[in-house]
$ cat start32.pdb   # PDB, C-alpha atoms, pLDDT in the B column
ATOM      1  CA  MET A1423     -16.756 -65.049  35.852  1.00 91.00           C
ATOM      2  CA  ASP A1424     -17.594 -64.147  32.295  1.00 95.00           C
ATOM      3  CA  PHE A1425     -14.373 -63.860  30.291  1.00 96.00           C
ATOM      4  CA  PHE A1426     -15.000 -60.267  29.244  1.00 96.00           C
ATOM      5  CA  ASP A1427     -15.782 -59.283  32.833  1.00 96.00           C
ATOM      6  CA  VAL A1428     -12.381 -60.721  33.783  1.00 97.00           C
ATOM      7  CA  VAL A1429     -10.624 -58.770  31.027  1.00 96.00           C
ATOM      8  CA  THR A1430     -12.307 -55.443  31.746  1.00 96.00           C
ATOM      9  CA  THR A1431     -11.831 -55.572  35.528  1.00 96.00           C
ATOM     10  CA  GLN A1432      -8.345 -57.095  35.789  1.00 95.00           C
ATOM     11  CA  ARG A1433      -5.905 -54.425  36.908  1.00 95.00           C
ATOM     12  CA  ALA A1434      -2.511 -54.131  38.553  1.00 96.00           C
ATOM     13  CA  ILE A1435      -2.926 -54.883  42.255  1.00 96.00           C
ATOM     14  CA  ARG A1436       0.015 -53.686  44.346  1.00 97.00           C
ATOM     15  CA  ARG A1437      -1.348 -53.910  47.897  1.00 97.00           C
ATOM     16  CA  PHE A1438      -2.228 -57.256  49.439  1.00 98.00           C
ATOM     17  CA  ARG A1439      -3.795 -58.752  52.524  1.00 96.00           C
ATOM     18  CA  PRO A1440      -1.518 -61.057  54.550  1.00 95.00           C
ATOM     19  CA  ASP A1441      -3.890 -64.018  54.146  1.00 96.00           C
ATOM     20  CA  PRO A1442      -2.147 -67.127  52.784  1.00 96.00           C
ATOM     21  CA  VAL A1443      -2.939 -68.212  49.239  1.00 98.00           C
ATOM     22  CA  PRO A1444      -3.865 -71.919  49.065  1.00 98.00           C
ATOM     23  CA  ASP A1445      -1.642 -74.131  46.924  1.00 97.00           C
ATOM     24  CA  VAL A1446      -4.678 -75.345  45.014  1.00 98.00           C
ATOM     25  CA  LEU A1447      -5.331 -71.816  43.716  1.00 98.00           C
ATOM     26  CA  VAL A1448      -1.686 -71.277  42.786  1.00 98.00           C
ATOM     27  CA  ARG A1449      -1.744 -74.521  40.855  1.00 98.00           C
ATOM     28  CA  ARG A1450      -4.837 -73.422  38.927  1.00 98.00           C
ATOM     29  CA  LEU A1451      -3.057 -70.218  37.915  1.00 97.00           C
ATOM     30  CA  LEU A1452      -0.015 -72.143  36.748  1.00 98.00           C
ATOM     31  CA  ALA A1453      -2.183 -74.579  34.817  1.00 98.00           C
ATOM     32  CA  ALA A1454      -3.816 -71.626  33.048  1.00 98.00           C
ATOM     33  CA  ALA A1455      -0.379 -70.191  32.267  1.00 98.00           C
ATOM     34  CA  THR A1456       0.707 -73.425  30.594  1.00 98.00           C
ATOM     35  CA  ARG A1457      -2.212 -73.254  28.157  1.00 98.00           C
ATOM     36  CA  ALA A1458      -0.582 -70.317  26.359  1.00 98.00           C
ATOM     37  CA  PRO A1459       0.887 -70.571  22.848  1.00 97.00           C
ATOM     38  CA  SER A1460       4.643 -70.660  22.278  1.00 97.00           C
ATOM     39  CA  ALA A1461       7.040 -70.585  19.340  1.00 97.00           C
ATOM     40  CA  ARG A1462       7.532 -74.048  17.826  1.00 96.00           C
ATOM     41  CA  GLY A1463       5.157 -75.366  20.495  1.00 96.00           C
ATOM     42  CA  ALA A1464       8.239 -75.766  22.682  1.00 97.00           C
ATOM     43  CA  GLU A1465       6.640 -74.502  25.918  1.00 98.00           C
ATOM     44  CA  PRO A1466       9.907 -72.903  27.108  1.00 98.00           C
ATOM     45  CA  TRP A1467       8.481 -71.607  30.358  1.00 98.00           C
ATOM     46  CA  GLY A1468       9.176 -72.355  33.990  1.00 98.00           C
ATOM     47  CA  PHE A1469       7.710 -70.890  37.178  1.00 98.00           C
ATOM     48  CA  VAL A1470       9.310 -70.551  40.599  1.00 98.00           C
ATOM     49  CA  VAL A1471       6.723 -70.126  43.348  1.00 98.00           C
ATOM     50  CA  VAL A1472       8.419 -68.290  46.210  1.00 98.00           C
ATOM     51  CA  ARG A1473       6.805 -68.790  49.610  1.00 98.00           C
ATOM     52  CA  ASP A1474       9.859 -68.949  51.894  1.00 98.00           C
ATOM     53  CA  ALA A1475       9.769 -65.896  54.177  1.00 97.00           C
ATOM     54  CA  ALA A1476      13.521 -65.358  54.270  1.00 98.00           C
ATOM     55  CA  LEU A1477      13.809 -65.568  50.490  1.00 98.00           C
ATOM     56  CA  ARG A1478      10.883 -63.166  50.035  1.00 98.00           C
ATOM     57  CA  ALA A1479      12.519 -60.790  52.494  1.00 98.00           C
ATOM     58  CA  GLU A1480      15.781 -60.789  50.529  1.00 98.00           C
ATOM     59  CA  ILE A1481      13.995 -60.273  47.224  1.00 98.00           C
ATOM     60  CA  GLY A1482      12.018 -57.459  48.844  1.00 98.00           C
ATOM     61  CA  ARG A1483      15.205 -55.798  50.129  1.00 98.00           C
ATOM     62  CA  LEU A1484      16.844 -55.872  46.699  1.00 98.00           C
ATOM     63  CA  TYR A1485      13.633 -54.760  45.000  1.00 98.00           C
ATOM     64  CA  LEU A1486      13.334 -51.720  47.259  1.00 98.00           C
ATOM     65  CA  GLN A1487      16.939 -50.734  46.530  1.00 98.00           C
ATOM     66  CA  ALA A1488      16.254 -50.987  42.799  1.00 98.00           C
ATOM     67  CA  TRP A1489      13.004 -49.014  43.162  1.00 98.00           C
ATOM     68  CA  GLU A1490      14.659 -46.174  45.050  1.00 98.00           C
ATOM     69  CA  ALA A1491      17.494 -45.983  42.498  1.00 97.00           C
ATOM     70  CA  ALA A1492      14.951 -45.926  39.674  1.00 96.00           C
ATOM     71  CA  GLY A1493      13.031 -43.167  41.434  1.00 96.00           C
ATOM     72  CA  THR A1494      16.153 -41.038  41.739  1.00 97.00           C
ATOM     73  CA  PHE A1495      16.903 -41.454  38.050  1.00 96.00           C
ATOM     74  CA  THR A1496      13.304 -40.687  37.075  1.00 96.00           C
ATOM     75  CA  ARG A1497      13.225 -37.468  39.094  1.00 95.00           C
ATOM     76  CA  GLU A1498      16.645 -36.223  37.999  1.00 96.00           C
ATOM     77  CA  ALA A1499      16.080 -37.020  34.318  1.00 97.00           C
ATOM     78  CA  ASP A1500      12.381 -36.100  34.371  1.00 96.00           C
ATOM     79  CA  ALA A1501      11.986 -39.435  32.601  1.00 96.00           C
ATOM     80  CA  ASP A1502       8.201 -39.556  33.019  1.00 96.00           C
ATOM     81  CA  ARG A1503       7.565 -36.075  31.670  1.00 96.00           C
ATOM     82  CA  ASP A1504       5.358 -37.484  28.905  1.00 96.00           C
ATOM     83  CA  VAL A1505       2.920 -39.157  31.317  1.00 95.00           C
ATOM     84  CA  LYS A1506       3.344 -37.564  34.749  1.00 95.00           C
ATOM     85  CA  GLU A1507       0.426 -35.159  34.234  1.00 95.00           C
ATOM     86  CA  SER A1508      -1.939 -38.004  33.302  1.00 93.00           C
ATOM     87  CA  PRO A1509      -4.808 -38.582  35.748  1.00 91.00           C
ATOM     88  CA  HIS A1510      -3.622 -42.087  36.613  1.00 92.00           C
ATOM     89  CA  TYR A1511       0.042 -41.292  37.215  1.00 93.00           C
ATOM     90  CA  ALA A1512       0.145 -40.181  40.856  1.00 94.00           C
ATOM     91  CA  ARG A1513      -2.083 -43.036  42.011  1.00 93.00           C
ATOM     92  CA  MET A1514      -0.071 -45.562  40.010  1.00 93.00           C
ATOM     93  CA  MET A1515       3.204 -44.341  41.490  1.00 95.00           C
ATOM     94  CA  ARG A1516       1.820 -44.460  45.035  1.00 95.00           C
ATOM     95  CA  GLY A1517       0.795 -48.046  44.436  1.00 95.00           C
ATOM     96  CA  ALA A1518       4.185 -48.937  42.964  1.00 96.00           C
ATOM     97  CA  ASP A1519       5.897 -47.381  45.973  1.00 97.00           C
ATOM     98  CA  ASP A1520       3.647 -49.311  48.346  1.00 97.00           C
ATOM     99  CA  LEU A1521       4.553 -52.529  46.547  1.00 97.00           C
ATOM    100  CA  ALA A1522       8.277 -51.830  46.707  1.00 98.00           C
ATOM    101  CA  ARG A1523       8.085 -51.185  50.448  1.00 98.00           C
ATOM    102  CA  SER A1524       5.972 -54.241  51.232  1.00 97.00           C
ATOM    103  CA  LEU A1525       7.076 -56.840  48.661  1.00 98.00           C
ATOM    104  CA  ALA A1526       8.602 -59.018  51.377  1.00 97.00           C
ATOM    105  CA  THR A1527       5.162 -59.421  52.983  1.00 97.00           C
ATOM    106  CA  VAL A1528       3.298 -60.418  49.816  1.00 98.00           C
ATOM    107  CA  PRO A1529       2.197 -64.041  50.432  1.00 97.00           C
ATOM    108  CA  VAL A1530       3.449 -65.434  47.111  1.00 98.00           C
ATOM    109  CA  LEU A1531       5.943 -64.302  44.490  1.00 98.00           C
ATOM    110  CA  ILE A1532       5.919 -66.115  41.155  1.00 98.00           C
ATOM    111  CA  VAL A1533       9.027 -65.782  39.012  1.00 98.00           C
ATOM    112  CA  CYS A1534       8.091 -66.508  35.397  1.00 98.00           C
ATOM    113  CA  CYS A1535      11.091 -67.799  33.479  1.00 98.00           C
ATOM    114  CA  LEU A1536      12.146 -68.446  29.903  1.00 98.00           C
ATOM    115  CA  ASP A1537      14.283 -71.554  29.377  1.00 98.00           C
ATOM    116  CA  HIS A1538      16.699 -70.815  26.533  1.00 97.00           C
ATOM    117  CA  ALA A1539      17.552 -74.510  26.339  1.00 97.00           C
ATOM    118  CA  ARG A1540      14.056 -75.147  24.959  1.00 97.00           C
ATOM    119  CA  LEU A1541      14.169 -72.380  22.338  1.00 97.00           C
ATOM    120  CA  GLY A1542      16.163 -74.283  19.708  1.00 97.00           C
ATOM    121  CA  PRO A1543      17.363 -71.993  16.893  1.00 97.00           C
ATOM    122  CA  ILE A1544      15.724 -68.963  18.532  1.00 97.00           C
ATOM    123  CA  ALA A1545      18.588 -68.940  21.080  1.00 96.00           C
ATOM    124  CA  ASP A1546      22.255 -68.721  20.138  1.00 95.00           C
ATOM    125  CA  GLY A1547      23.480 -71.165  22.777  1.00 90.00           C
ATOM    126  CA  ILE A1548      25.644 -68.623  24.628  1.00 91.00           C
ATOM    127  CA  GLY A1549      22.951 -66.692  26.456  1.00 89.00           C
ATOM    128  CA  GLY A1550      21.723 -64.516  23.599  1.00 94.00           C
ATOM    129  CA  LEU A1551      18.617 -64.637  21.424  1.00 96.00           C
ATOM    130  CA  ARG A1552      18.565 -64.696  17.641  1.00 97.00           C
ATOM    131  CA  ALA A1553      14.877 -63.793  17.586  1.00 97.00           C
ATOM    132  CA  PRO A1554      13.933 -61.973  20.805  1.00 97.00           C
ATOM    133  CA  GLY A1555      10.401 -61.304  19.596  1.00 97.00           C
ATOM    134  CA  ALA A1556       9.683 -65.005  19.181  1.00 97.00           C
ATOM    135  CA  ALA A1557      11.401 -65.816  22.463  1.00 98.00           C
ATOM    136  CA  TYR A1558       9.469 -63.383  24.645  1.00 98.00           C
ATOM    137  CA  ALA A1559       6.262 -64.140  22.751  1.00 97.00           C
ATOM    138  CA  SER A1560       6.737 -67.634  24.170  1.00 97.00           C
ATOM    139  CA  ILE A1561       6.549 -66.546  27.814  1.00 98.00           C
ATOM    140  CA  LEU A1562       4.525 -63.308  27.987  1.00 98.00           C
ATOM    141  CA  PRO A1563       1.222 -64.898  26.850  1.00 98.00           C
ATOM    142  CA  ALA A1564       1.667 -67.402  29.674  1.00 98.00           C
ATOM    143  CA  VAL A1565       2.126 -64.521  32.114  1.00 98.00           C
ATOM    144  CA  GLN A1566      -1.052 -62.848  30.848  1.00 98.00           C
ATOM    145  CA  ASN A1567      -2.963 -66.112  31.262  1.00 98.00           C
ATOM    146  CA  LEU A1568      -1.720 -66.219  34.848  1.00 98.00           C
ATOM    147  CA  LEU A1569      -2.824 -62.633  35.542  1.00 98.00           C
ATOM    148  CA  LEU A1570      -6.278 -63.212  34.088  1.00 98.00           C
ATOM    149  CA  ALA A1571      -6.693 -66.467  35.985  1.00 98.00           C
ATOM    150  CA  ALA A1572      -5.769 -64.651  39.191  1.00 98.00           C
ATOM    151  CA  ARG A1573      -8.517 -62.107  38.566  1.00 98.00           C
ATOM    152  CA  ALA A1574     -11.058 -64.852  37.870  1.00 98.00           C
ATOM    153  CA  LEU A1575     -10.216 -66.429  41.228  1.00 98.00           C
ATOM    154  CA  GLY A1576     -10.376 -63.155  43.136  1.00 97.00           C
ATOM    155  CA  LEU A1577      -6.607 -62.879  43.557  1.00 98.00           C
ATOM    156  CA  GLY A1578      -4.605 -59.727  42.954  1.00 98.00           C
ATOM    157  CA  SER A1579      -1.448 -59.650  40.871  1.00 98.00           C
ATOM    158  CA  THR A1580       0.747 -57.386  38.820  1.00 97.00           C
ATOM    159  CA  LEU A1581       3.546 -57.781  36.286  1.00 97.00           C
ATOM    160  CA  THR A1582       6.919 -56.392  37.340  1.00 97.00           C
ATOM    161  CA  THR A1583      10.367 -56.454  35.740  1.00 98.00           C
ATOM    162  CA  LEU A1584      12.388 -54.355  38.205  1.00 97.00           C
ATOM    163  CA  HIS A1585      14.044 -57.554  39.425  1.00 98.00           C
ATOM    164  CA  ARG A1586      16.153 -57.467  36.261  1.00 97.00           C
ATOM    165  CA  VAL A1587      18.309 -54.881  38.064  1.00 97.00           C
ATOM    166  CA  PHE A1588      19.408 -57.542  40.566  1.00 98.00           C
ATOM    167  CA  GLU A1589      19.004 -60.562  38.298  1.00 98.00           C
ATOM    168  CA  SER A1590      22.345 -62.126  39.261  1.00 97.00           C
ATOM    169  CA  ASN A1591      21.347 -62.132  42.943  1.00 98.00           C
ATOM    170  CA  LEU A1592      17.933 -63.537  42.103  1.00 98.00           C
ATOM    171  CA  ARG A1593      19.511 -66.327  40.064  1.00 97.00           C
ATOM    172  CA  VAL A1594      21.614 -67.372  43.021  1.00 97.00           C
ATOM    173  CA  GLY A1595      18.738 -67.174  45.471  1.00 97.00           C
ATOM    174  CA  LEU A1596      16.449 -69.277  43.288  1.00 98.00           C
ATOM    175  CA  GLY A1597      19.131 -71.672  42.069  1.00 98.00           C
ATOM    176  CA  LEU A1598      18.318 -70.975  38.420  1.00 98.00           C
ATOM    177  CA  PRO A1599      20.279 -72.896  35.767  1.00 97.00           C
ATOM    178  CA  ALA A1600      22.364 -70.789  33.403  1.00 95.00           C
ATOM    179  CA  SER A1601      19.874 -71.319  30.563  1.00 96.00           C
ATOM    180  CA  VAL A1602      16.881 -70.034  32.558  1.00 97.00           C
ATOM    181  CA  GLU A1603      16.065 -66.316  32.335  1.00 97.00           C
ATOM    182  CA  PRO A1604      13.759 -64.766  34.979  1.00 98.00           C
ATOM    183  CA  VAL A1605      11.607 -62.553  32.764  1.00 98.00           C
ATOM    184  CA  VAL A1606       8.719 -61.439  34.979  1.00 98.00           C
ATOM    185  CA  LEU A1607       8.073 -61.266  38.711  1.00 98.00           C
ATOM    186  CA  VAL A1608       4.414 -61.552  39.742  1.00 98.00           C
ATOM    187  CA  PRO A1609       3.401 -60.696  43.329  1.00 98.00           C
ATOM    188  CA  LEU A1610       0.239 -62.625  44.206  1.00 98.00           C
ATOM    189  CA  GLY A1611      -2.260 -62.426  47.025  1.00 98.00           C
ATOM    190  CA  PHE A1612      -5.742 -61.437  48.100  1.00 98.00           C
ATOM    191  CA  PRO A1613      -6.144 -57.733  47.276  1.00 97.00           C
ATOM    192  CA  LEU A1614      -6.529 -54.815  49.631  1.00 94.00           C
ATOM    193  CA  ASP A1615      -7.723 -52.669  46.728  1.00 89.00           C
ATOM    194  CA  ARG A1616     -10.701 -53.190  44.452  1.00 90.00           C
ATOM    195  CA  PHE A1617     -10.570 -54.549  40.948  1.00 93.00           C
ATOM    196  CA  GLY A1618     -11.565 -52.425  37.892  1.00 83.00           C
ATOM    197  CA  PRO A1619     -13.292 -51.492  35.768  1.00 90.00           C
ATOM    198  CA  THR A1620     -10.162 -50.199  34.119  1.00 91.00           C
ATOM    199  CA  ARG A1621      -9.974 -47.093  31.949  1.00 90.00           C
ATOM    200  CA  ARG A1622      -8.054 -47.310  28.703  1.00 91.00           C
ATOM    201  CA  ARG A1623      -7.776 -45.424  25.437  1.00 90.00           C
ATOM    202  CA  ALA A1624     -10.773 -46.025  23.193  1.00 93.00           C
ATOM    203  CA  VAL A1625     -10.563 -48.647  20.456  1.00 93.00           C
ATOM    204  CA  GLU A1626     -11.205 -45.867  17.948  1.00 91.00           C
ATOM    205  CA  GLU A1627      -7.946 -44.213  19.014  1.00 93.00           C
ATOM    206  CA  VAL A1628      -5.740 -47.252  18.605  1.00 95.00           C
ATOM    207  CA  ALA A1629      -7.244 -49.417  15.858  1.00 96.00           C
ATOM    208  CA  HIS A1630      -6.585 -48.894  12.156  1.00 96.00           C
ATOM    209  CA  LEU A1631      -8.065 -50.499   9.065  1.00 94.00           C
ATOM    210  CA  ASP A1632      -5.624 -51.759   6.415  1.00 95.00           C
ATOM    211  CA  ARG A1633      -3.257 -48.805   6.840  1.00 96.00           C
ATOM    212  CA  TRP A1634      -2.085 -46.736   9.811  1.00 97.00           C
ATOM    213  CA  GLY A1635      -4.231 -43.653  10.139  1.00 95.00           C
ATOM    214  CA  SER A1636      -7.278 -45.203   8.521  1.00 95.00           C
ATOM    215  CA  PRO A1637      -9.681 -45.695  11.450  1.00 91.00           C
ATOM    216  CA  PHE A1638     -11.273 -49.016  12.147  1.00 93.00           C
ATOM    217  CA  VAL A1639     -14.995 -48.532  12.584  1.00 89.00           C
ATOM    218  CA  VAL A1640     -17.755 -51.085  12.944  1.00 88.00           C
ATOM    219  CA  ARG A1641     -19.628 -51.216   9.679  1.00 84.00           C
ATOM    220  CA  ALA A1642     -23.399 -51.211   9.726  1.00 84.00           C
ATOM    221  CA  GLY A1643     -24.821 -54.688   9.546  1.00 78.00           C
ATOM    222  CA  THR A1644     -21.591 -56.458  10.507  1.00 74.00           C
TER
END

$ encode --input "start32.pdb" --output "structure tokens"
Amino acid sequence: MDFFDVVTTQRAIRRFRPDPVPDVLVRRLLAAATRAPSARGAEPWGFVVVRDAALRAEIGRLYLQAWEAAGTFTREADADRDVKESPHYARMMRGADDLARSLATVPVLIVCCLDHARLGPIADGIGGLRAPGAAYASILPAVQNLLLAARALGLGSTLTTLHRVFESNLRVGLGLPASVEPVVLVPLGFPLDRFGPTRRRAVEEVAHLDRWGSPFVVRAGT
């Protein structure tokens, strides 16, 4: 696929077919992820590919508990009041609910991790981060590479962080070393839903020239 076709049609896929995902495709995604930049060139990432049915079932059980608790909080606090009237909101929430209730059946879960032991002075050595921006900028580009590669190969994926609610359980289940932080969970499979094109705010709404509030516009002849 053309790169810009990949970018403009990649979207969060939350419903998947049960078809198995070949190892060769998973490896291509991981190879793409490892081409991302990282602070100090340290490549502090690690990826746990979860295929085991029992392990996926346990992650799915914990994920659903976390999702339902989050839903209760959101309703009681009206936490989404700023976006709940947006055209995309109801559909997005239906998809997120579908994912929470079927996560155990998604063929592959990829846990994208940040290894603090490879962060040098960015980490404080006791589990904290001296420069969180630099730390997470060393794993999130790798995750985006993975998501884009999935789209290019016709695979669906989405970025989730709800697992942070049950991180201690996930650590035990995956056997993660103390220095390894599970930052993002990516469900992966062949999609039930269609890819984009996605709708986003226009560049003219979000881009500024030199100073905030000064619109970036394409100059004639450039």

$ closest_residue --input "start32.pdb" --among "A:Leu1486, A:Val1565, A:Val1470, A:Thr1430" --to "Arg1457 in chain A" --atoms "only C-alpha atoms"
A:Val1565

$ residues_near_point --input "start32.pdb" --point "(-11.2, -43.5, 17.1)" --cutoff "12 Å" --atoms "only C-alpha atoms" --output "PyMOL selection string"
chain A and resi 1623-1631+1635-1640

$ write_last_selection --input "start32.pdb" --atoms "C-alpha atoms" --output "PDB file, keeping the file's coordinate frame"
ATOM      1  CA  ARG A1623      -7.776 -45.424  25.437  1.00 90.00           C
ATOM      2  CA  ALA A1624     -10.773 -46.025  23.193  1.00 93.00           C
ATOM      3  CA  VAL A1625     -10.563 -48.647  20.456  1.00 93.00           C
ATOM      4  CA  GLU A1626     -11.205 -45.867  17.948  1.00 91.00           C
ATOM      5  CA  GLU A1627      -7.946 -44.213  19.014  1.00 93.00           C
ATOM      6  CA  VAL A1628      -5.740 -47.252  18.605  1.00 95.00           C
ATOM      7  CA  ALA A1629      -7.244 -49.417  15.858  1.00 96.00           C
ATOM      8  CA  HIS A1630      -6.585 -48.894  12.156  1.00 96.00           C
ATOM      9  CA  LEU A1631      -8.065 -50.499   9.065  1.00 94.00           C
ATOM     10  CA  GLY A1635      -4.231 -43.653  10.139  1.00 95.00           C
ATOM     11  CA  SER A1636      -7.278 -45.203   8.521  1.00 95.00           C
ATOM     12  CA  PRO A1637      -9.681 -45.695  11.450  1.00 91.00           C
ATOM     13  CA  PHE A1638     -11.273 -49.016  12.147  1.00 93.00           C
ATOM     14  CA  VAL A1639     -14.995 -48.532  12.584  1.00 89.00           C
ATOM     15  CA  VAL A1640     -17.755 -51.085  12.944  1.00 88.00           C
TER      16      VAL A1640
END

$ residues_near_point --input "start32.pdb" --point "(3.6, -61.3, 41.3)" --cutoff "9 Å" --atoms "all atoms listed in the file" --output "ChimeraX atom specification"
/A:1436,1528,1530-1533,1569,1578-1582,1606-1611

$ closest_residue --input "start32.pdb" --among "A:Cys1535, A:Ile1561, A:Leu1570, A:Ala1553" --to "Phe1426 in chain A" --atoms "only C-alpha atoms"
A:Leu1570

$ resolve_selection --input "start32.pdb" --expression "the PyMOL selection byres ((chain A and resi 1442) around 6)" --output "list in words"
Asp1441, Val1443 and Pro1529 of chain A

$ decode --input "start32.pdb" --residues "range 1552-1563 of chain A" --atoms "N, CA and C atoms" --output "PDB file, in the first residue's frame"
ATOM      1  N   ARG A1552      12.902   9.933  35.539  1.00  0.00           N
ATOM      2  CA  ARG A1552      13.320  11.334  35.685  1.00  0.00           C
ATOM      3  C   ARG A1552      12.789  12.185  34.537  1.00  0.00           C
ATOM      4  N   ALA A1553      12.628  11.583  33.389  1.00  0.00           N
ATOM      5  CA  ALA A1553      12.154  12.296  32.202  1.00  0.00           C
ATOM      6  C   ALA A1553      11.097  11.442  31.509  1.00  0.00           C
ATOM      7  N   PRO A1554       9.864  11.449  32.013  1.00  0.00           N
ATOM      8  CA  PRO A1554       8.827  10.593  31.425  1.00  0.00           C
ATOM      9  C   PRO A1554       8.595  10.838  29.938  1.00  0.00           C
ATOM     10  N   GLY A1555       8.690  12.108  29.524  1.00  0.00           N
ATOM     11  CA  GLY A1555       8.479  12.401  28.109  1.00  0.00           C
ATOM     12  C   GLY A1555       9.447  11.644  27.228  1.00  0.00           C
ATOM     13  N   ALA A1556      10.728  11.671  27.596  1.00  0.00           N
ATOM     14  CA  ALA A1556      11.740  10.963  26.813  1.00  0.00           C
ATOM     15  C   ALA A1556      11.539   9.460  26.891  1.00  0.00           C
ATOM     16  N   ALA A1557      11.103   8.981  28.053  1.00  0.00           N
ATOM     17  CA  ALA A1557      10.916   7.541  28.224  1.00  0.00           C
ATOM     18  C   ALA A1557       9.797   7.023  27.322  1.00  0.00           C
ATOM     19  N   TYR A1558       8.630   7.659  27.403  1.00  0.00           N
ATOM     20  CA  TYR A1558       7.497   7.156  26.621  1.00  0.00           C
ATOM     21  C   TYR A1558       7.648   7.479  25.141  1.00  0.00           C
ATOM     22  N   ALA A1559       8.425   8.511  24.825  1.00  0.00           N
ATOM     23  CA  ALA A1559       8.748   8.783  23.422  1.00  0.00           C
ATOM     24  C   ALA A1559       9.663   7.712  22.852  1.00  0.00           C
ATOM     25  N   SER A1560      10.147   6.822  23.696  1.00  0.00           N
ATOM     26  CA  SER A1560      11.019   5.739  23.253  1.00  0.00           C
ATOM     27  C   SER A1560      10.270   4.420  23.070  1.00  0.00           C
ATOM     28  N   ILE A1561       8.966   4.404  23.338  1.00  0.00           N
ATOM     29  CA  ILE A1561       8.179   3.209  23.082  1.00  0.00           C
ATOM     30  C   ILE A1561       6.962   3.500  22.204  1.00  0.00           C
ATOM     31  N   LEU A1562       6.343   4.677  22.360  1.00  0.00           N
ATOM     32  CA  LEU A1562       5.114   4.957  21.611  1.00  0.00           C
ATOM     33  C   LEU A1562       5.328   5.044  20.098  1.00  0.00           C
ATOM     34  N   PRO A1563       6.449   5.600  19.595  1.00  0.00           N
ATOM     35  CA  PRO A1563       6.665   5.526  18.147  1.00  0.00           C
ATOM     36  C   PRO A1563       6.752   4.088  17.637  1.00  0.00           C
TER      37      PRO A1563
END
